[in-house]
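Enquirer: If it helps, the file is called my_file00.cif and holds mmCIF, C-alpha atoms:
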```cif
data_input
loop_
_atom_site.group_PDB
_atom_site.id
_atom_site.type_symbol
_atom_site.label_atom_id
_atom_site.label_comp_id
_atom_site.auth_asym_id
_atom_site.auth_seq_id
_atom_site.Cartn_x
_atom_site.Cartn_y
_atom_site.Cartn_z
ATOM 1 C CA MET Z 1 -3.055 -4.550 16.411
ATOM 2 C CA HIS Z 2 -1.732 -7.150 18.846
ATOM 3 C CA THR Z 3 -3.915 -9.770 17.170
ATOM 4 C CA ALA Z 4 -4.078 -8.761 13.499
ATOM 5 C CA HIS Z 5 -0.842 -7.313 12.140
ATOM 6 C CA HIS Z 6 -2.615 -5.979 9.063
ATOM 7 C CA ILE Z 7 -5.767 -6.507 7.011
ATOM 8 C CA LEU Z 8 -6.213 -6.034 3.270
ATOM 9 C CA ILE Z 9 -9.254 -6.028 1.002
ATOM 10 C CA TYR Z 10 -8.495 -7.194 -2.521
ATOM 11 C CA GLY Z 11 -10.644 -6.868 -5.575
ATOM 12 C CA CYS Z 12 -10.373 -10.026 -7.697
ATOM 13 C CA LYS Z 13 -11.622 -11.113 -11.066
ATOM 14 C CA PHE Z 14 -11.579 -14.624 -9.594
ATOM 15 C CA PRO Z 15 -10.693 -15.496 -5.981
ATOM 16 C CA GLY Z 16 -7.677 -17.680 -5.323
ATOM 17 C CA PHE Z 17 -9.755 -20.565 -4.008
ATOM 18 C CA TRP Z 18 -13.122 -21.566 -5.372
ATOM 19 C CA GLN Z 19 -15.465 -24.485 -4.715
ATOM 20 C CA ARG Z 20 -18.783 -24.747 -6.496
ATOM 21 C CA ASP Z 21 -20.563 -25.627 -3.282
ATOM 22 C CA SER Z 22 -18.624 -23.161 -1.116
ATOM 23 C CA PRO Z 23 -18.009 -19.814 -2.831
ATOM 24 C CA ARG Z 24 -17.195 -18.109 0.477
ATOM 25 C CA ALA Z 25 -14.555 -20.581 1.616
ATOM 26 C CA VAL Z 26 -11.750 -19.602 3.948
ATOM 27 C CA TRP Z 27 -8.298 -20.511 2.682
ATOM 28 C CA ASP Z 28 -4.636 -20.174 3.556
ATOM 29 C CA CYS Z 29 -3.008 -17.549 1.321
ATOM 30 C CA GLY Z 30 0.430 -19.051 1.981
ATOM 31 C CA LYS Z 31 2.125 -15.728 2.717
ATOM 32 C CA MET Z 32 3.741 -16.654 6.010
ATOM 33 C CA GLY Z 33 6.113 -19.357 4.901
ATOM 34 C CA GLY Z 34 4.931 -22.933 4.558
ATOM 35 C CA LYS Z 35 3.126 -23.594 7.840
ATOM 36 C CA VAL Z 36 0.491 -26.330 7.775
ATOM 37 C CA THR Z 37 -2.835 -24.817 8.795
ATOM 38 C CA GLY Z 38 -5.351 -27.458 7.749
ATOM 39 C CA TYR Z 39 -6.930 -25.107 5.192
ATOM 40 C CA HIS Z 40 -6.694 -25.279 1.437
ATOM 41 C CA ARG Z 41 -3.825 -23.138 0.183
ATOM 42 C CA ALA Z 42 -4.226 -20.743 -2.720
ATOM 43 C CA PRO Z 43 -3.204 -17.189 -3.721
ATOM 44 C CA THR Z 44 -5.366 -14.252 -2.696
ATOM 45 C CA CYS Z 45 -6.659 -13.833 -6.256
ATOM 46 C CA ALA Z 46 -6.466 -16.347 -9.077
ATOM 47 C CA LYS Z 47 -6.853 -13.499 -11.582
ATOM 48 C CA GLY Z 48 -7.064 -9.708 -11.575
ATOM 49 C CA SER Z 49 -5.616 -8.782 -8.162
ATOM 50 C CA GLN Z 50 -5.895 -5.177 -6.955
ATOM 51 C CA ILE Z 51 -5.859 -3.674 -3.461
ATOM 52 C CA ILE Z 52 -8.895 -1.641 -2.421
ATOM 53 C CA TYR Z 53 -8.196 -1.054 1.267
ATOM 54 C CA ALA Z 54 -5.514 -1.679 3.883
ATOM 55 C CA TRP Z 55 -5.462 -1.385 7.678
ATOM 56 C CA ALA Z 56 -2.818 -1.769 10.389
ATOM 57 C CA ARG Z 57 -1.827 -0.535 13.856
ATOM 58 C CA ASP Z 58 -5.309 0.329 15.146
ATOM 59 C CA ALA Z 59 -5.985 2.813 12.346
ATOM 60 C CA PRO Z 60 -9.404 4.548 12.453
ATOM 61 C CA LYS Z 61 -12.028 4.133 9.760
ATOM 62 C CA LEU Z 62 -11.754 5.520 6.231
ATOM 63 C CA VAL Z 63 -14.484 7.753 4.811
ATOM 64 C CA LEU Z 64 -14.263 8.513 1.091
ATOM 65 C CA PRO Z 65 -14.803 12.095 -0.139
ATOM 66 C CA ASP Z 66 -18.207 13.087 -1.491
ATOM 67 C CA GLY Z 67 -18.841 11.774 -4.962
ATOM 68 C CA VAL Z 68 -15.925 9.300 -4.847
ATOM 69 C CA GLY Z 69 -16.356 5.537 -4.904
ATOM 70 C CA PHE Z 70 -14.672 2.275 -5.861
ATOM 71 C CA LYS Z 71 -16.367 0.561 -8.760
ATOM 72 C CA VAL Z 72 -16.963 -3.150 -8.188
ATOM 73 C CA GLY Z 73 -19.053 -5.767 -9.956
ATOM 74 C CA GLY Z 74 -20.109 -5.737 -13.572
ATOM 75 C CA PRO Z 75 -18.109 -6.739 -16.636
ATOM 76 C CA ASP Z 76 -15.958 -3.602 -16.927
ATOM 77 C CA THR Z 77 -14.543 -3.201 -13.407
ATOM 78 C CA GLY Z 78 -12.199 -6.201 -13.213
ATOM 79 C CA ILE Z 79 -13.616 -6.866 -9.724
ATOM 80 C CA SER Z 80 -16.137 -9.653 -9.409
ATOM 81 C CA TYR Z 81 -15.168 -10.656 -5.854
ATOM 82 C CA LEU Z 82 -13.934 -8.970 -2.701
ATOM 83 C CA VAL Z 83 -11.406 -11.015 -0.714
ATOM 84 C CA LEU Z 84 -10.437 -10.217 2.869
ATOM 85 C CA GLN Z 85 -6.877 -11.144 3.863
ATOM 86 C CA VAL Z 86 -5.770 -11.058 7.506
ATOM 87 C CA HIS Z 87 -2.125 -11.427 8.562
ATOM 88 C CA TYR Z 88 -1.984 -12.333 12.234
ATOM 89 C CA ALA Z 89 0.688 -10.905 14.524
ATOM 90 C CA ASN Z 90 0.310 -13.693 17.074
ATOM 91 C CA VAL Z 91 -1.685 -16.911 17.002
ATOM 92 C CA ASP Z 92 -0.754 -18.386 20.394
ATOM 93 C CA LYS Z 93 -4.214 -17.876 21.890
ATOM 94 C CA PHE Z 94 -5.843 -19.796 19.044
ATOM 95 C CA LEU Z 95 -3.876 -22.932 19.974
ATOM 96 C CA ASN Z 96 -6.067 -23.212 23.077
ATOM 97 C CA GLY Z 97 -9.328 -22.858 21.169
ATOM 98 C CA ALA Z 98 -9.832 -19.091 21.248
ATOM 99 C CA THR Z 99 -11.613 -17.503 18.293
ATOM 100 C CA ASP Z 100 -11.321 -14.133 16.564
ATOM 101 C CA ASN Z 101 -13.588 -11.715 14.686
ATOM 102 C CA SER Z 102 -10.995 -9.439 13.071
ATOM 103 C CA GLY Z 103 -12.352 -7.958 9.856
ATOM 104 C CA VAL Z 104 -13.570 -4.866 8.061
ATOM 105 C CA ILE Z 105 -17.074 -3.389 8.006
ATOM 106 C CA LEU Z 106 -18.064 -1.935 4.646
ATOM 107 C CA SER Z 107 -20.796 0.690 5.036
ATOM 108 C CA THR Z 108 -22.862 1.943 2.109
ATOM 109 C CA LEU Z 109 -25.132 4.950 2.085
ATOM 110 C CA PRO Z 110 -28.804 4.768 1.058
ATOM 111 C CA ALA Z 111 -29.557 5.569 -2.570
ATOM 112 C CA THR Z 112 -29.701 9.317 -3.129
ATOM 113 C CA THR Z 113 -30.040 11.672 -6.052
ATOM 114 C CA GLU Z 114 -26.298 12.417 -5.865
ATOM 115 C CA LYS Z 115 -24.286 10.649 -8.509
ATOM 116 C CA VAL Z 116 -20.908 9.080 -7.787
ATOM 117 C CA ASN Z 117 -18.925 10.344 -10.745
ATOM 118 C CA LYS Z 118 -15.371 10.099 -9.422
ATOM 119 C CA ARG Z 119 -13.892 6.623 -9.564
ATOM 120 C CA ALA Z 120 -11.326 5.737 -6.902
ATOM 121 C CA GLY Z 121 -8.193 3.662 -7.316
ATOM 122 C CA ILE Z 122 -4.976 2.815 -5.474
ATOM 123 C CA LEU Z 123 -1.404 2.898 -6.748
ATOM 124 C CA LEU Z 124 0.906 0.823 -4.540
ATOM 125 C CA LEU Z 125 4.596 1.741 -4.465
ATOM 126 C CA GLY Z 126 7.069 -0.659 -2.889
ATOM 127 C CA THR Z 127 10.528 -2.184 -2.993
ATOM 128 C CA GLY Z 128 12.521 -5.324 -2.518
ATOM 129 C CA GLY Z 129 16.009 -5.163 -1.070
ATOM 130 C CA THR Z 130 18.163 -5.652 2.005
ATOM 131 C CA ILE Z 131 18.764 -3.554 5.134
ATOM 132 C CA PRO Z 132 22.280 -4.241 6.480
ATOM 133 C CA ALA Z 133 22.698 -4.893 10.204
ATOM 134 C CA HIS Z 134 23.149 -1.786 12.349
ATOM 135 C CA ARG Z 135 22.668 0.524 9.391
ATOM 136 C CA GLU Z 136 20.237 3.154 8.203
ATOM 137 C CA GLU Z 137 19.034 2.388 4.687
ATOM 138 C CA HIS Z 138 16.890 4.204 2.150
ATOM 139 C CA MET Z 139 14.546 1.936 0.220
ATOM 140 C CA GLU Z 140 13.334 3.808 -2.865
ATOM 141 C CA THR Z 141 11.039 3.368 -5.842
ATOM 142 C CA ALA Z 142 9.955 5.560 -8.760
ATOM 143 C CA CYS Z 143 7.733 4.943 -11.789
ATOM 144 C CA PRO Z 144 6.451 7.203 -14.578
ATOM 145 C CA ILE Z 145 2.730 7.598 -15.200
ATOM 146 C CA LYS Z 146 2.402 6.284 -18.738
ATOM 147 C CA GLU Z 147 -1.370 6.340 -19.181
ATOM 148 C CA PRO Z 148 -3.265 9.389 -20.577
ATOM 149 C CA ILE Z 149 -5.394 10.058 -17.499
ATOM 150 C CA ILE Z 150 -5.311 12.675 -14.736
ATOM 151 C CA LEU Z 151 -4.987 11.384 -11.171
ATOM 152 C CA HIS Z 152 -6.209 13.353 -8.151
ATOM 153 C CA PRO Z 153 -4.533 11.932 -5.015
ATOM 154 C CA PHE Z 154 -6.610 12.442 -1.881
ATOM 155 C CA ALA Z 155 -5.208 9.977 0.671
ATOM 156 C CA PHE Z 156 -2.035 8.017 1.366
ATOM 157 C CA ARG Z 157 -0.960 5.212 3.660
ATOM 158 C CA THR Z 158 2.472 4.043 4.774
ATOM 159 C CA HIS Z 159 3.466 0.529 5.789
ATOM 160 C CA THR Z 160 6.627 -1.023 7.198
ATOM 161 C CA HIS Z 161 7.277 -3.533 9.939
ATOM 162 C CA GLN Z 162 9.530 -2.800 12.939
ATOM 163 C CA LEU Z 163 12.437 -1.008 11.268
ATOM 164 C CA GLY Z 164 10.586 1.793 9.457
ATOM 165 C CA LYS Z 165 11.144 5.360 10.658
ATOM 166 C CA VAL Z 166 9.737 7.547 7.859
ATOM 167 C CA VAL Z 167 7.875 6.791 4.615
ATOM 168 C CA ALA Z 168 7.408 9.615 2.102
ATOM 169 C CA GLY Z 169 5.829 9.843 -1.348
ATOM 170 C CA TYR Z 170 6.322 12.461 -4.075
ATOM 171 C CA VAL Z 171 5.349 13.409 -7.596
ATOM 172 C CA ILE Z 172 8.213 14.545 -9.837
ATOM 173 C CA ARG Z 173 7.073 16.896 -12.580
ATOM 174 C CA LYS Z 174 8.389 16.877 -16.115
ATOM 175 C CA ASN Z 175 10.319 20.073 -15.335
ATOM 176 C CA GLY Z 176 12.172 18.244 -12.518
ATOM 177 C CA SER Z 177 10.336 19.838 -9.579
ATOM 178 C CA TRP Z 178 9.238 17.635 -6.661
ATOM 179 C CA GLU Z 179 5.944 17.888 -4.739
ATOM 180 C CA ARG Z 180 5.243 15.893 -1.615
ATOM 181 C CA ILE Z 181 2.136 13.703 -1.697
ATOM 182 C CA GLY Z 182 2.510 12.799 1.970
ATOM 183 C CA LYS Z 183 4.777 11.303 4.596
ATOM 184 C CA HIS Z 184 4.276 9.654 7.963
ATOM 185 C CA ASP Z 185 5.795 7.639 10.765
ATOM 186 C CA PRO Z 186 4.886 4.041 9.771
ATOM 187 C CA LEU Z 187 4.959 2.875 13.395
ATOM 188 C CA LYS Z 188 1.954 5.047 14.207
ATOM 189 C CA PRO Z 189 -1.614 4.032 13.208
ATOM 190 C CA GLN Z 190 -1.434 3.039 9.550
ATOM 191 C CA MET Z 191 -4.580 4.708 8.302
ATOM 192 C CA PHE Z 192 -5.151 6.595 5.065
ATOM 193 C CA TYR Z 193 -4.177 10.202 5.755
ATOM 194 C CA PRO Z 194 -5.125 13.255 3.636
ATOM 195 C CA VAL Z 195 -2.550 14.173 0.997
ATOM 196 C CA ASN Z 196 -0.271 17.169 1.529
ATOM 197 C CA LYS Z 197 -2.370 19.479 -0.692
ATOM 198 C CA ASP Z 198 -4.765 19.486 -3.624
ATOM 199 C CA MET Z 199 -2.812 18.262 -6.618
ATOM 200 C CA SER Z 200 -3.154 16.476 -9.930
ATOM 201 C CA ILE Z 201 -0.765 13.978 -11.510
ATOM 202 C CA PHE Z 202 -0.455 13.847 -15.285
ATOM 203 C CA GLN Z 203 0.904 11.501 -17.913
ATOM 204 C CA GLY Z 204 4.704 11.833 -17.928
ATOM 205 C CA ASP Z 205 4.960 12.723 -14.227
ATOM 206 C CA ILE Z 206 6.887 10.314 -11.985
ATOM 207 C CA VAL Z 207 5.614 9.011 -8.648
ATOM 208 C CA ALA Z 208 8.325 8.160 -6.135
ATOM 209 C CA ALA Z 209 8.579 6.928 -2.556
ATOM 210 C CA ARG Z 210 11.281 6.410 0.055
ATOM 211 C CA CYS Z 211 11.244 4.343 3.242
ATOM 212 C CA THR Z 212 13.938 5.235 5.767
ATOM 213 C CA MET Z 213 14.855 2.097 7.723
ATOM 214 C CA ARG Z 214 17.082 1.726 10.779
ATOM 215 C CA ASN Z 215 18.199 -1.832 11.402
ATOM 216 C CA PHE Z 216 18.947 -2.284 15.112
ATOM 217 C CA ARG Z 217 19.409 -6.029 14.621
ATOM 218 C CA ASP Z 218 22.646 -8.001 14.474
ATOM 219 C CA ILE Z 219 21.683 -9.536 11.137
ATOM 220 C CA ASN Z 220 20.660 -8.210 7.736
ATOM 221 C CA THR Z 221 16.899 -7.894 7.207
ATOM 222 C CA GLU Z 222 15.275 -8.723 3.869
ATOM 223 C CA ILE Z 223 12.019 -7.547 2.363
ATOM 224 C CA GLY Z 224 9.475 -10.319 2.866
ATOM 225 C CA SER Z 225 6.050 -11.279 4.170
ATOM 226 C CA THR Z 226 6.703 -12.312 7.768
ATOM 227 C CA GLY Z 227 7.061 -10.159 10.855
ATOM 228 C CA LYS Z 228 10.782 -10.927 10.965
ATOM 229 C CA ASP Z 229 11.151 -9.509 7.460
ATOM 230 C CA GLU Z 230 10.483 -5.935 6.395
ATOM 231 C CA MET Z 231 8.226 -4.148 3.924
ATOM 232 C CA CYS Z 232 8.417 -0.737 2.285
ATOM 233 C CA ASN Z 233 5.003 0.336 0.978
ATOM 234 C CA PHE Z 234 3.440 3.672 0.084
ATOM 235 C CA TYR Z 235 -0.238 3.522 -0.938
ATOM 236 C CA MET Z 236 -1.592 6.439 -2.965
ATOM 237 C CA MET Z 237 -5.385 6.572 -3.084
ATOM 238 C CA TYR Z 238 -6.701 8.749 -5.894
ATOM 239 C CA TYR Z 239 -9.777 9.481 -7.955
ATOM 240 C CA VAL Z 240 -10.347 10.262 -11.606
ATOM 241 C CA ASP Z 241 -13.144 12.275 -13.157
ATOM 242 C CA GLY Z 242 -14.846 9.575 -15.141
ATOM 243 C CA ASP Z 243 -14.409 5.854 -15.378
ATOM 244 C CA HIS Z 244 -10.814 5.024 -16.339
ATOM 245 C CA ILE Z 245 -8.338 4.327 -13.532
ATOM 246 C CA LEU Z 246 -4.749 3.129 -13.907
ATOM 247 C CA GLN Z 247 -4.320 -0.257 -15.541
ATOM 248 C CA ASP Z 248 -0.874 -0.614 -13.945
ATOM 249 C CA LYS Z 249 -1.635 -0.533 -10.217
ATOM 250 C CA PHE Z 250 1.801 -1.384 -8.822
ATOM 251 C CA CYS Z 251 5.172 0.401 -8.833
ATOM 252 C CA PHE Z 252 7.968 -1.806 -7.443
ATOM 253 C CA THR Z 253 11.750 -1.732 -7.673
ATOM 254 C CA ALA Z 254 14.464 -4.167 -6.556
ATOM 255 C CA GLY Z 255 15.489 -1.805 -3.755
ATOM 256 C CA PRO Z 256 18.955 -1.541 -2.219
ATOM 257 C CA PRO Z 257 21.649 -2.291 -3.117
ATOM 258 C CA LEU Z 258 20.430 -2.741 -6.727
ATOM 259 C CA TYR Z 259 18.102 0.266 -7.032
ATOM 260 C CA ARG Z 260 18.334 3.762 -5.627
ATOM 261 C CA TRP Z 261 16.919 7.072 -6.841
ATOM 262 C CA GLN Z 262 20.454 8.209 -7.658
ATOM 263 C CA TYR Z 263 20.859 5.252 -10.059
ATOM 264 C CA ASP Z 264 17.620 6.056 -11.916
ATOM 265 C CA LEU Z 265 18.312 7.936 -15.152
ATOM 266 C CA SER Z 266 14.712 9.193 -15.294
ATOM 267 C CA ILE Z 267 15.362 11.244 -12.141
ATOM 268 C CA ALA Z 268 17.814 13.946 -13.161
ATOM 269 C CA ASN Z 269 18.702 15.421 -9.770
ATOM 270 C CA ILE Z 270 17.447 14.947 -6.232
ATOM 271 C CA PRO Z 271 17.153 18.363 -4.567
ATOM 272 C CA GLN Z 272 18.965 18.540 -1.247
ATOM 273 C CA GLU Z 273 15.819 19.700 0.520
ATOM 274 C CA ILE Z 274 13.914 16.668 -0.815
ATOM 275 C CA ASP Z 275 16.649 14.294 0.322
ATOM 276 C CA TYR Z 276 16.287 15.801 3.805
ATOM 277 C CA ASP Z 277 12.492 15.955 3.750
ATOM 278 C CA ALA Z 278 12.110 12.311 2.702
ATOM 279 C CA SER Z 279 13.944 11.014 5.770
ATOM 280 C CA THR Z 280 12.739 13.272 8.579
ATOM 281 C CA LEU Z 281 9.463 13.532 10.433
ATOM 282 C CA ASP Z 282 9.367 17.325 10.157
ATOM 283 C CA GLU Z 283 5.996 17.986 8.480
ATOM 284 C CA ASN Z 284 6.797 21.571 7.410
#
```
As structure tokens, please, write out the structure in this file.

Expert:
Amino acid sequence: MHTAHHILIYGCKFPGFWQRDSPRAVWDCGKMGGKVTGYHRAPTCAKGSQIIYAWARDAPKLVLPDGVGFKVGGPDTGISYLVLQVHYANVDKFLNGATDNSGVILSTLPATTEKVNKRAGILLLGTGGTIPAHREEHMETACPIKEPIILHPFAFRTHTHQLGKVVAGYVIRKNGSWERIGKHDPLKPQMFYPVNKDMSIFQGDIVAARCTMRNFRDINTEIGSTGKDEMCNFYMMYYVDGDHILQDKFCFTAGPPLYRWQYDLSIANIPQEIDYDASTLDEN
């Protein structure tokens, strides 16, 4: 974690940089703010970007449940290429010629008679916004599930930079009740953790997340890509019985001061116990 701040695997229809004679080229994704690296600069994906995996803070490996798999390749998956993106926490040692082998090992099992009939997907919830200096701020997002499929969440991951204290995700039922998907301290290993309990999410339910931030700095902190900025992300990994995962894979809001749960007309009332639960590390 002192070398690689975080690592992502994207599924792409087309990678951001492509050369006919070098289909596995390394390129600068341009996320860290205009530095000249000597590499070609291009986005992570030129078309069809979706996150498959994320790692940070020395998280252990992820093992998918039996019968669950990500579908890649072929004309109907939207994923023709896997792209590895590494954001480095510190590059000082590389200035003197040091090298690095940060990456992800993908392990596949030998062919068996068992059929993988549960397709995995990830819904990423996040926000924009500002955290005022010397203030605690709640960064919140919520989106309805509009597609006629049933989601079975089985793992979640939280991600902030230095100011995050708690990140929590919920499903809000059509009757107004809230159920916790999971919550965690984002400054501990940022692995995919098991969800709070067996649950299903249906069309018309709302998924919501809150990041509780405490800004100890003398200046306001904005959401952004660098280590001096912040991020508020809640990853929900789920499976479906069958072949159709969510088409809309991202749920983002403008964040504070423009967006808060209490401003969202689709959320009738926030129970007091949920307001407390979303900002404390008490797991009960």

Enquirer: Residues at most 6 Å from Ala254 in chain Z, counting only C-alpha atoms, excluding those fewer than 4 positions away in the same chain, as a ChimeraX atom specification?

Expert: /Z:127-129,259

Enquirer: Taking the file as I've supplied it (selection: the PyMOL selection byres ((chain Z and resi 267) around 10)), which residues are included? Please answer as a ChimeraX atom specification.

Expert: /Z:142-143,172,174,176,206,208,261-266,268-270

Enquirer: Would you compute the distance between CA of His159 in chain Z and CA of Glu136 in chain Z? Give it in Å to one decimal.

Expert: 17.1 Å

Enquirer: Run through the PyMOL selection byres ((chain Z and resi 134) around 7) on the given coordinates and return the selected residues as a list in words.

Expert: Pro132, Ala133, Arg135, Asn215, Phe216, Arg217 and Asp218 of chain Z

Enquirer: For the structure shown, which residues end up in the PyMOL selection byres ((chain Z and resi 234) around 8)? Put them as a list in words, please?

Expert: Leu124, Leu125, Gly126, Phe156, Arg157, Thr158, His159, Val167, Ala168, Gly169, Ala209, Cys232, Asn233, Tyr235 and Met236 of chain Z

Enquirer: What gap, in Å, lies between CA of Ala155 in chain Z and CA of Asp205 in chain Z?

Expert: 18.2 Å

Enquirer: To one decimal place in Å, what is the distance between CA of Ser279 in chain Z and CA of Glu222 in chain Z?

Expert: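 Interatomic distance, CA of Ser279 in chain Z to CA of Glu222 in chain Z: 19.9 Å.
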
Enquirer: Z:Ile52, Z:Met1, Z:Val68, Z:Leu84: which is nearest Trp27 in chain Z, counting only C-alpha atoms?

Expert: Z:Leu84

Enquirer: Select, counting all atoms listed in the file, all protein, DNA and RNA residues no farther than 8 Å from (16.0, -0.9, 6.6) in file coordinates, and express the selection as number ranges by chain.

Expert: Z: 130-132, 135-139, 163-164, 211-215, 221, 230

Enquirer: Which of these residues is nearest to Leu82 in chain Z, using all atoms listed in the file: Z:Gln50, Z:Asn101, Z:Ser225, Z:Thr280?

Expert: Z:Gln50

Enquirer: Which residue gives the smallest distance to Tyr10 in chain Z among Z:Phe192, Z:Phe94, Z:Phe154, Z:Phe70, with all atoms listed in the file counted?

Expert: Z:Phe70

Enquirer: Within 8 Å of Tyr238 in chain Z, counting all atoms listed in the file, which residues qualify if same-chain residues fewer than 6 places away don't, as a ChimeraX atom specification?

Expert: /Z:120-123,151-155

Enquirer: Looking at Z:Ala56, Z:Val207, Z:Val171, Z:Ile79, which one is nearest to Phe250 in chain Z, with distances taken over only C-alpha atoms?

Expert: Z:Val207

Enquirer: Which one is closest to Ala4 in chain Z: Z:Arg173, Z:His244, Z:Arg57, Z:Lys197? Count all atoms listed in the file.

Expert: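 Of Z:Arg173, Z:His244, Z:Arg57, Z:Lys197, the one nearest Ala4 in chain Z, counting all atoms listed in the file, is Z:Arg57.
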
Enquirer: I'd like the contact shell of His6 in chain Z - 12 Å cut-off, all atoms listed in the file, skipping same-chain residues fewer than 3 positions apart - returned as a ChimeraX atom specification.

Expert: /Z:1-3,9,53-59,84-90,102-104,159-161,189-191,225-227

Enquirer: Given the choices Z:Leu246, Z:Leu281, Z:Ile105, Z:Ile145, which gets closest to Lys183 in chain Z if the distance is worked out from all atoms listed in the file?

Expert: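 When distances to Lys183 in chain Z are compared using all atoms listed in the file, the smallest one comes from Z:Leu281.
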
Enquirer: Quick one: axis-aligned box around all listed atoms of range 270-275 of chain Z, 6 Å on every side, centre and edge lengths in Å to one decimal, written as lines of an AutoDock Vina configuration file.

Expert:
```
center_x = 16.4
center_y = 17.0
center_z = -2.9
size_x = 17.1
size_y = 17.4
size_z = 18.8
```

Enquirer: Can you tell me which residues surround Asp241 in chain Z at a distance of at most 7 Å, considering all atoms listed in the file, apart from same-chain residues fewer than 6 positions away, and format the answer as a list in words?

Expert: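 In the requested form, the answer reads Asn117, Lys118 and Arg119 of chain Z.
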